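Trainee: One structure follows; several queries about it will come next.
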Amino acid sequence: MSAPSSGGASRDGYGNGLLRLASDPRVVVLEADLGKSTKSCHFRSEYPSRTFSMGIAEQNMMLVAAGMASSGKIPFASTFAIFTERAFEQVRNGIARPELTVHICGSHGGIHTGTDGSSAQSIEDLAIYRTIPGMTVIHPSDDLSAEELTVQLLDYSGPSYMRTARNKTPRIYNENSVNGLTIGKGSLIMEGSDVCIIACGVMVNEAISAAKTLSSEGISASVVDMHTLKPLDTELIDACINNCGCLVTAEDHSVIAGLGGAVAEYLSTTASAPLEMVGVADKFGQSGSSSELMQAMGLTSNDIVAAAHRSISRK
Amino acid sequence: MVHGIGAGHPGGSLSAIDMLTALYGHRLRVNVDDPTWDDRDRFIMSKGHASPGVYSILHERGFLSEADMWTFRKLGGPCQGHVDMKWTDGVDFSAGSLGMGLSFGLGCALAARMDGSSRNVWVMLGDGEIQEGEVWEAFMAADFHSIGNLKVIVDRNRIQNDDFVHLQMEVGDVSAKLASFGWTVKEIDGHSMNELTDALKWASSHNSGPAAIVANTVKGKGVSFMEDNPSFHGKAPDDDELKQALEELS
């Protein structure tokens, strides 16, 4: 894989992905006064007749999307990740229960969101959406992968939740490598033999940095971009266990029931391996820059390196 | 069927049954041979606990057999406790959690408009149900989007689960509130077949914006000991009560 380029935020990828989907007349976009933030605004500019402003009213937006889906449309509804949670029961009862294909995008996920403070930093969205039967849960690592996975949703049946991030991170993929992504299949970014770091979202970049540090110490690390948390790519996890013998998960999300929780659930049913989790340790964030918060909350590449040492020592 | 399983919601079914009869008998374009016909009118029963009333009408229209009716609230049967589009032909919405149906209906109506279809979307709300905030989000959005193919019927039976509406959270002058949200409203006696058929015809032809019928009804209508009695919101009649109820209704 070639070196990452500068890139954009994954929310930009969502906006670009919607534009690529516009050629299908079934695609409609719903907004809750945050189109400029989620980046659905680009679709609105080009296709205003297929973009619906629902105001600051997320519960209504989710069920309007459900009604549209029941009538043959393919709705993409977006707001901040935290505000999709306000309509959690609507998603559960009104979208997922009747198995309607509504694609929800929650932007500004995680503490990486930064200065807005803890009210805007969803650290539990991936967990709660994982619990809904039939729900696909996606968290891309950069703008290009967010765009590609958004485009793939067009042919994906059933409800989905995609979390995007507010702030830019270095690109993990380039225009060619991103074509190898598939919803439900993790992406092996680096292949090693001592420890496997399974990451999602902005933490994939931190995982790559950690793997480079570990390499300088003589430790060979794999890095997986587990962009789809549900369905979880258990075949890839099995391969990682076989190759490395121990795991680290890394996510900008609570360590409870997110990526680390999903991997731990799987490990409890199969061949076990040491697992260390890097994530938000059951506490709320605060205002600050992304880098300050990542330091304060223990979400840096150094934290991943330390977790890798612990995991290796437990083999 | 409610007696048979010993559970269900007779009161809100009986308050709605005249409206369902008028709607399915005179207005709704549906096709029993093609329940998912794209251009059918939609009926969204948002107060999904009135499922016995809906199943009775769907049985009359041929969507459900008598054997289906006896599966009410039973494992694997099409007649789920609350109406559910995944389980029952002829049902357009999975209800059970109050406050969601109007939003869903608005989505159906917007899709119909995009398709250039003449199909109408009818939504029935309970009066206790409109205590839910999402309903007012949807009332506001329907006016904002100038949606002319969305029709609401409010079953104003004045009773909710625990007690009378005015004792739980009075909803006040529903017609005036809807009018202030940009809806055109007609208030009627929800048990008068003449007023019902006229109001449904009026709502069908009102296409310049959203239209609502506020129907004053009696919870448990037709069964003396259920009428206006909060105890029969969600309670099945016992053997003696069933016998009396059937005699009074026959």
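Quick note on naming: the chains in the structure tokens go A, B, ... in the order shown, residues restart at 1 in each chain, and ligands are numbered from 1 in order of appearance.
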Determine, using only C-alpha atoms, which residues of chain A have any atom at most 9 Å from an atom of chain B, and tabulate each with its shortest atom pair and distance in Å to one decimal place, rows ordered by chain and then rising number, as CSV.

Mentor:
```
residue,atom,partner,partner_atom,distance
A:Ser49,CA,B:Met114,CA,8.7
A:Arg50,CA,B:Met114,CA,8.5
A:Phe52,CA,B:His145,CA,8.7
A:Ser53,CA,B:Ala141,CA,8.7
A:Met54,CA,B:Ala141,CA,6.5
A:Gly55,CA,B:Ala141,CA,7.9
A:Ile56,CA,B:Glu137,CA,8.8
A:Ala57,CA,B:Glu137,CA,6.2
A:Glu58,CA,B:Glu134,CA,8.7
A:Gln59,CA,B:Glu134,CA,6.0
A:Asn60,CA,B:Ser103,CA,5.3
A:Met61,CA,B:Ser103,CA,7.5
A:Met62,CA,B:Ser103,CA,8.1
A:Leu63,CA,B:Phe104,CA,4.8
A:Val64,CA,B:Gly107,CA,4.0
A:Ala65,CA,B:Gly107,CA,6.0
A:Ala66,CA,B:Phe104,CA,6.1
A:Gly67,CA,B:Gly107,CA,4.1
A:Met68,CA,B:Gly107,CA,4.6
A:Ala69,CA,B:Gly107,CA,8.0
A:Ser70,CA,B:Cys108,CA,7.1
A:Ser71,CA,B:Cys108,CA,5.9
A:Gly72,CA,B:Ala111,CA,7.8
A:Lys73,CA,B:Ala111,CA,7.0
A:Glu89,CA,B:Ser97,CA,8.7
A:Gln90,CA,B:Met100,CA,7.3
A:Asn93,CA,B:Ser97,CA,7.2
A:Gly94,CA,B:Ser94,CA,6.8
A:Arg97,CA,B:Ser94,CA,7.7
A:Pro98,CA,B:Lys86,CA,5.6
A:Glu99,CA,B:Lys86,CA,8.0
```

Trainee: Those residues you just picked out, can you put them in a file as a short mmCIF file (atom, residue, chain, number, x, y, z; two decimals), in the first residue's frame with C-alpha atoms?

Mentor:
```cif
data_model
loop_
_atom_site.label_atom_id
_atom_site.label_comp_id
_atom_site.auth_asym_id
_atom_site.auth_seq_id
_atom_site.Cartn_x
_atom_site.Cartn_y
_atom_site.Cartn_z
CA SER A 49 -36.09 18.14 -4.70
CA ARG A 50 -34.77 14.93 -3.18
CA PHE A 52 -35.90 16.95 2.91
CA SER A 53 -35.39 19.32 5.81
CA MET A 54 -36.94 17.87 8.93
CA GLY A 55 -35.87 20.66 11.25
CA ILE A 56 -34.40 19.99 14.66
CA ALA A 57 -36.67 16.99 15.13
CA GLU A 58 -34.75 13.73 14.91
CA GLN A 59 -37.54 11.43 16.05
CA ASN A 60 -39.79 12.59 13.23
CA MET A 61 -36.92 12.37 10.74
CA MET A 62 -36.31 8.69 11.48
CA LEU A 63 -39.94 7.70 10.98
CA VAL A 64 -40.37 9.85 7.87
CA ALA A 65 -37.37 7.97 6.49
CA ALA A 66 -39.05 4.70 7.45
CA GLY A 67 -42.25 5.68 5.66
CA MET A 68 -40.29 6.61 2.56
CA ALA A 69 -38.43 3.29 2.69
CA SER A 70 -41.74 1.43 2.90
CA SER A 71 -42.75 3.22 -0.30
CA GLY A 72 -39.73 2.28 -2.37
CA LYS A 73 -37.28 5.08 -1.60
CA GLU A 89 -36.37 3.94 19.99
CA GLN A 90 -37.65 5.26 16.66
CA ASN A 93 -39.17 0.16 16.63
CA GLY A 94 -39.90 2.13 13.48
CA ARG A 97 -38.25 -3.99 13.56
CA PRO A 98 -40.06 -3.90 10.20
CA GLU A 99 -36.67 -4.45 8.48
#
```

Trainee: Any chance you could list, as a list in words, the residues in region 91-223 of chain A that come up strand (DSSP E) when DSSP is run on the backbone?

Mentor: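 These are the residues in question: His103, Ile104, Cys105, Gly106, Ser107, Thr136, Val137, Ile138, Ser160, Tyr161, Met162, Arg163, Ser187, Leu188, Ile189, Met190, Val195, Cys196, Ile197, Ile198, Ala199, Ala221, Ser222 and Val223 of chain A.
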
Trainee: Take the residues from that selection and put them in a file with C-alpha atoms, as a PDB file, in the first residue's frame.

Mentor:
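Output file out03.pdb follows:
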```pdb
ATOM      1  CA  HIS A 103     -29.312   4.367   6.167  1.00  0.00           C
ATOM      2  CA  ILE A 104     -28.506   6.534   9.172  1.00  0.00           C
ATOM      3  CA  CYS A 105     -25.325   8.531   9.383  1.00  0.00           C
ATOM      4  CA  GLY A 106     -24.155   9.989  12.681  1.00  0.00           C
ATOM      5  CA  SER A 107     -21.345  12.471  12.260  1.00  0.00           C
ATOM      6  CA  THR A 136     -25.366  -3.058  10.085  1.00  0.00           C
ATOM      7  CA  VAL A 137     -22.884  -0.823  11.953  1.00  0.00           C
ATOM      8  CA  ILE A 138     -20.065   0.899  10.080  1.00  0.00           C
ATOM      9  CA  SER A 160     -27.588   0.602   8.729  1.00  0.00           C
ATOM     10  CA  TYR A 161     -25.804   3.051  10.974  1.00  0.00           C
ATOM     11  CA  MET A 162     -22.577   4.722   9.857  1.00  0.00           C
ATOM     12  CA  ARG A 163     -20.561   6.870  12.230  1.00  0.00           C
ATOM     13  CA  SER A 187      -9.268  -4.582   5.898  1.00  0.00           C
ATOM     14  CA  LEU A 188      -5.772  -5.831   6.707  1.00  0.00           C
ATOM     15  CA  ILE A 189      -3.621  -2.693   6.523  1.00  0.00           C
ATOM     16  CA  MET A 190      -0.330  -4.123   7.870  1.00  0.00           C
ATOM     17  CA  VAL A 195       0.333  -8.747  17.946  1.00  0.00           C
ATOM     18  CA  CYS A 196      -2.724  -7.701  15.938  1.00  0.00           C
ATOM     19  CA  ILE A 197      -4.211  -4.242  16.440  1.00  0.00           C
ATOM     20  CA  ILE A 198      -7.861  -4.141  15.403  1.00  0.00           C
ATOM     21  CA  ALA A 199      -8.999  -0.546  15.082  1.00  0.00           C
ATOM     22  CA  ALA A 221       2.285  -5.924  14.484  1.00  0.00           C
ATOM     23  CA  SER A 222      -0.705  -6.422  12.215  1.00  0.00           C
ATOM     24  CA  VAL A 223      -3.177  -3.594  11.796  1.00  0.00           C
TER      25      VAL A 223
END
```

Trainee: Quick one: of A:Glu251, A:Glu148, A:Asp194, A:Glu124, who's nearest to Asp282 (chain A), counting only C-alpha atoms?

Mentor: A:Glu124

Trainee: Residues near region 178-185 of chain B, anyone? I mean within 6 Å using only C-alpha atoms, not counting same-chain ones fewer than 6 positions away, as an NGL selection string.

Mentor: :B and (140 or 143 or 210-213)

Trainee: With C-alpha atoms kept, could you save the residues just selected as a CSV table (one decimal), in the first residue's frame?

Mentor:
```csv
chain,number,residue,atom,x,y,z
B,140,MET,CA,-45.3,20.8,12.0
B,143,ASP,CA,-47.5,21.7,7.1
B,210,PRO,CA,-52.8,18.4,5.4
B,211,ALA,CA,-56.3,17.6,6.6
B,212,ALA,CA,-57.4,16.3,9.9
B,213,ILE,CA,-60.7,14.9,11.2
```

Trainee: What's the 7 Å shell around Ile159 (chain B), counting only C-alpha atoms, without same-chain residues fewer than 5 positions away, as a list of chain:residue names?

Mentor: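 Counting only C-alpha atoms, the residues come to B:Gly128, B:Phe164, B:Val165, B:Lys219, B:Pro230.
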
Trainee: Pick from A:Thr79, A:Ser10, A:Asn16, A:Asn167: nearest to Lys36 (chain A), with only C-alpha atoms counted?

Mentor: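 Counting only C-alpha atoms, the residue closest to Lys36 (chain A) is A:Thr79.
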
Trainee: Out of region 51-159 of chain B, which residues get alpha helix (DSSP H) from DSSP, as number ranges by chain?

Mentor: B: 51-60, 66-69, 101-115, 133-144

Trainee: Write out, as a short mmCIF file (atom, residue, chain, number, x, y, z; two decimals), in the first residue's frame, the residues just selected, with N, CA and C atoms.

Mentor:
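Now in again29.cif:
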```
data_model
loop_
_atom_site.label_atom_id
_atom_site.label_comp_id
_atom_site.auth_asym_id
_atom_site.auth_seq_id
_atom_site.Cartn_x
_atom_site.Cartn_y
_atom_site.Cartn_z
N SER B 51 -55.49 -3.06 17.70
CA SER B 51 -55.32 -4.13 16.72
C SER B 51 -56.57 -5.01 16.57
N PRO B 52 -57.30 -5.32 17.65
CA PRO B 52 -58.51 -6.14 17.42
C PRO B 52 -59.47 -5.47 16.44
N GLY B 53 -59.60 -4.15 16.51
CA GLY B 53 -60.45 -3.43 15.57
C GLY B 53 -59.93 -3.54 14.15
N VAL B 54 -58.62 -3.38 13.98
CA VAL B 54 -58.03 -3.46 12.64
C VAL B 54 -58.16 -4.87 12.07
N TYR B 55 -57.86 -5.86 12.90
CA TYR B 55 -57.95 -7.24 12.39
C TYR B 55 -59.39 -7.59 11.99
N SER B 56 -60.36 -7.05 12.73
CA SER B 56 -61.76 -7.31 12.40
C SER B 56 -62.09 -6.76 11.01
N ILE B 57 -61.62 -5.55 10.73
CA ILE B 57 -61.88 -4.95 9.42
C ILE B 57 -61.13 -5.71 8.33
N LEU B 58 -59.88 -6.07 8.62
CA LEU B 58 -59.10 -6.81 7.61
C LEU B 58 -59.73 -8.17 7.34
N HIS B 59 -60.35 -8.74 8.35
CA HIS B 59 -61.08 -10.00 8.15
C HIS B 59 -62.29 -9.76 7.25
N GLU B 60 -63.02 -8.68 7.51
CA GLU B 60 -64.18 -8.35 6.68
C GLU B 60 -63.78 -8.14 5.23
N GLU B 66 -60.77 -16.38 9.35
CA GLU B 66 -61.25 -16.51 10.73
C GLU B 66 -60.20 -17.24 11.58
N ALA B 67 -59.55 -18.23 10.98
CA ALA B 67 -58.50 -18.95 11.72
C ALA B 67 -57.37 -18.00 12.09
N ASP B 68 -57.04 -17.08 11.17
CA ASP B 68 -56.01 -16.08 11.49
C ASP B 68 -56.41 -15.28 12.72
N MET B 69 -57.69 -14.93 12.81
CA MET B 69 -58.16 -14.08 13.92
C MET B 69 -57.87 -14.73 15.27
N GLY B 101 -46.63 6.96 14.21
CA GLY B 101 -47.35 6.70 12.96
C GLY B 101 -47.51 7.90 12.05
N LEU B 102 -47.69 9.08 12.62
CA LEU B 102 -47.88 10.25 11.75
C LEU B 102 -46.61 10.55 10.97
N SER B 103 -45.46 10.42 11.63
CA SER B 103 -44.19 10.64 10.93
C SER B 103 -44.04 9.64 9.79
N PHE B 104 -44.37 8.38 10.08
CA PHE B 104 -44.28 7.34 9.05
C PHE B 104 -45.22 7.67 7.89
N GLY B 105 -46.43 8.09 8.24
CA GLY B 105 -47.40 8.45 7.20
C GLY B 105 -46.91 9.62 6.36
N LEU B 106 -46.25 10.57 7.00
CA LEU B 106 -45.69 11.70 6.25
C LEU B 106 -44.63 11.20 5.26
N GLY B 107 -43.82 10.25 5.68
CA GLY B 107 -42.84 9.67 4.76
C GLY B 107 -43.51 9.00 3.58
N CYS B 108 -44.57 8.25 3.85
CA CYS B 108 -45.33 7.60 2.77
C CYS B 108 -45.92 8.65 1.83
N ALA B 109 -46.43 9.73 2.40
CA ALA B 109 -47.08 10.76 1.59
C ALA B 109 -46.06 11.50 0.73
N LEU B 110 -44.89 11.79 1.29
CA LEU B 110 -43.84 12.46 0.51
C LEU B 110 -43.38 11.57 -0.64
N ALA B 111 -43.27 10.27 -0.35
CA ALA B 111 -42.86 9.33 -1.41
C ALA B 111 -43.91 9.29 -2.52
N ALA B 112 -45.18 9.29 -2.13
CA ALA B 112 -46.25 9.26 -3.13
C ALA B 112 -46.20 10.51 -4.00
N ARG B 113 -45.94 11.64 -3.38
CA ARG B 113 -45.85 12.88 -4.16
C ARG B 113 -44.68 12.84 -5.14
N MET B 114 -43.54 12.30 -4.67
CA MET B 114 -42.39 12.17 -5.57
C MET B 114 -42.71 11.28 -6.76
N ASP B 115 -43.54 10.26 -6.50
CA ASP B 115 -43.89 9.30 -7.55
C ASP B 115 -44.97 9.84 -8.48
N GLY B 133 -44.30 13.98 21.98
CA GLY B 133 -43.75 15.13 21.26
C GLY B 133 -43.52 14.91 19.78
N GLU B 134 -43.19 13.67 19.39
CA GLU B 134 -42.90 13.41 17.98
C GLU B 134 -44.11 13.73 17.10
N VAL B 135 -45.31 13.53 17.65
CA VAL B 135 -46.52 13.81 16.87
C VAL B 135 -46.53 15.28 16.43
N TRP B 136 -46.11 16.17 17.32
CA TRP B 136 -46.13 17.60 16.99
C TRP B 136 -44.98 17.97 16.06
N GLU B 137 -43.88 17.25 16.16
CA GLU B 137 -42.83 17.41 15.14
C GLU B 137 -43.41 17.09 13.77
N ALA B 138 -44.21 16.03 13.72
CA ALA B 138 -44.77 15.59 12.44
C ALA B 138 -45.87 16.53 11.96
N PHE B 139 -46.72 17.01 12.87
CA PHE B 139 -47.74 17.99 12.47
C PHE B 139 -47.07 19.20 11.83
N MET B 140 -45.99 19.67 12.47
CA MET B 140 -45.27 20.84 11.97
C MET B 140 -44.65 20.55 10.60
N ALA B 141 -44.03 19.39 10.48
CA ALA B 141 -43.34 19.04 9.24
C ALA B 141 -44.32 18.87 8.08
N ALA B 142 -45.50 18.32 8.36
CA ALA B 142 -46.49 18.11 7.29
C ALA B 142 -46.93 19.43 6.70
N ASP B 143 -47.12 20.42 7.55
CA ASP B 143 -47.51 21.75 7.06
C ASP B 143 -46.34 22.38 6.31
N PHE B 144 -45.13 22.26 6.85
CA PHE B 144 -43.96 22.85 6.21
C PHE B 144 -43.77 22.30 4.80
#
```

Trainee: List as a list in words the protein and nucleic acid residues near Pro170 (chain A), meaning an atom at most 12 Å away when only C-alpha atoms are counted, but skip any in the same chain fewer than 6 places from it.

Mentor: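 Contacts, in chain order: Ala3, Pro4, Ser5, Ser6, Gly7, Gly8, Ala9, Ser10, Ser141, Asp142, Asp143, Leu144, Ser145, Gly201, Val202, Met203, Val204, Asn205, Glu206, Ile208 and Ser209 of chain A.
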
Trainee: To one decimal in Å, tell me the separation between CA of Gly234 (chain B) and CA of Cys79 (chain B).

Mentor: 16.6 Å

Trainee: Enter the distance from CA of Asp240 (chain B) to CA of Val223 (chain B), in Å, rounded to one decimal.

Mentor: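 CA of Asp240 (chain B) sits 12.8 Å away from CA of Val223 (chain B).
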
Trainee: Between A:Thr249, A:Val151, A:Asn242, A:Ala271, which is the closest to Ser23 (chain A) once you count only C-alpha atoms?

Mentor: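 Going through A:Thr249, A:Val151, A:Asn242, A:Ala271 one by one, the smallest distance to Ser23 (chain A) is for A:Val151.
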
Trainee: What's around Val171 (chain B) at 10 Å? Count only C-alpha atoms, leave out sequence neighbours fewer than 3 positions away in its own chain, and write the answer as a PDB file with C-alpha atoms, in the first residue's frame.

Mentor:
```pdb
ATOM      1  CA  ASP B 127     -55.968  11.447  21.721  1.00  0.00           C
ATOM      2  CA  GLY B 128     -53.742  10.233  24.542  1.00  0.00           C
ATOM      3  CA  GLU B 129     -51.126   9.470  21.909  1.00  0.00           C
ATOM      4  CA  ILE B 130     -50.767  13.104  20.921  1.00  0.00           C
ATOM      5  CA  GLN B 131     -49.101  13.720  24.260  1.00  0.00           C
ATOM      6  CA  ARG B 156     -60.882  11.604  20.637  1.00  0.00           C
ATOM      7  CA  ARG B 158     -60.903  10.948  26.107  1.00  0.00           C
ATOM      8  CA  VAL B 165     -56.971  12.042  29.343  1.00  0.00           C
ATOM      9  CA  HIS B 166     -57.833  15.197  31.263  1.00  0.00           C
ATOM     10  CA  GLN B 168     -53.239  12.298  32.864  1.00  0.00           C
ATOM     11  CA  VAL B 174     -57.245  19.500  19.577  1.00  0.00           C
ATOM     12  CA  LYS B 177     -54.112  23.212  18.100  1.00  0.00           C
TER      13      LYS B 177
END
```

Trainee: Between CA of Pro140 (chain A) and CA of Val178 (chain A), what is the spacing in Å?

Mentor: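 These two atoms are separated by 11.1 Å.
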
Trainee: Please provide as a list in words all residues within 6 Å of Ser193 (chain A), with the sequence filter that same-chain residues fewer than 2 positions apart are discarded (counting only C-alpha atoms).

Mentor: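 Residues near the query, excluding close chain neighbours: Ser220, Asn243 and Cys244 of chain A.
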
Trainee: Selection from above, N, CA and C atoms, as a PDB file, in the first residue's frame, can you write it?

Mentor:
```
ATOM      1  N   SER A 220       6.583  -7.158  15.668  1.00  0.00           N
ATOM      2  CA  SER A 220       5.880  -7.157  14.390  1.00  0.00           C
ATOM      3  C   SER A 220       4.373  -7.142  14.639  1.00  0.00           C
ATOM      4  N   ASN A 243      -2.159 -15.876  13.394  1.00  0.00           N
ATOM      5  CA  ASN A 243      -0.887 -15.273  12.982  1.00  0.00           C
ATOM      6  C   ASN A 243      -0.132 -14.616  14.122  1.00  0.00           C
ATOM      7  N   CYS A 244      -0.879 -14.008  15.057  1.00  0.00           N
ATOM      8  CA  CYS A 244      -0.236 -13.149  16.066  1.00  0.00           C
ATOM      9  C   CYS A 244      -0.384 -13.671  17.491  1.00  0.00           C
TER      10      CYS A 244
END
```

Trainee: Using only C-alpha atoms, pick whichever of B:Arg61, B:Gly148, B:Ser46, B:Gly4 has the shortest atom-to-atom distance to Ala236 (chain B).

Mentor: B:Gly4
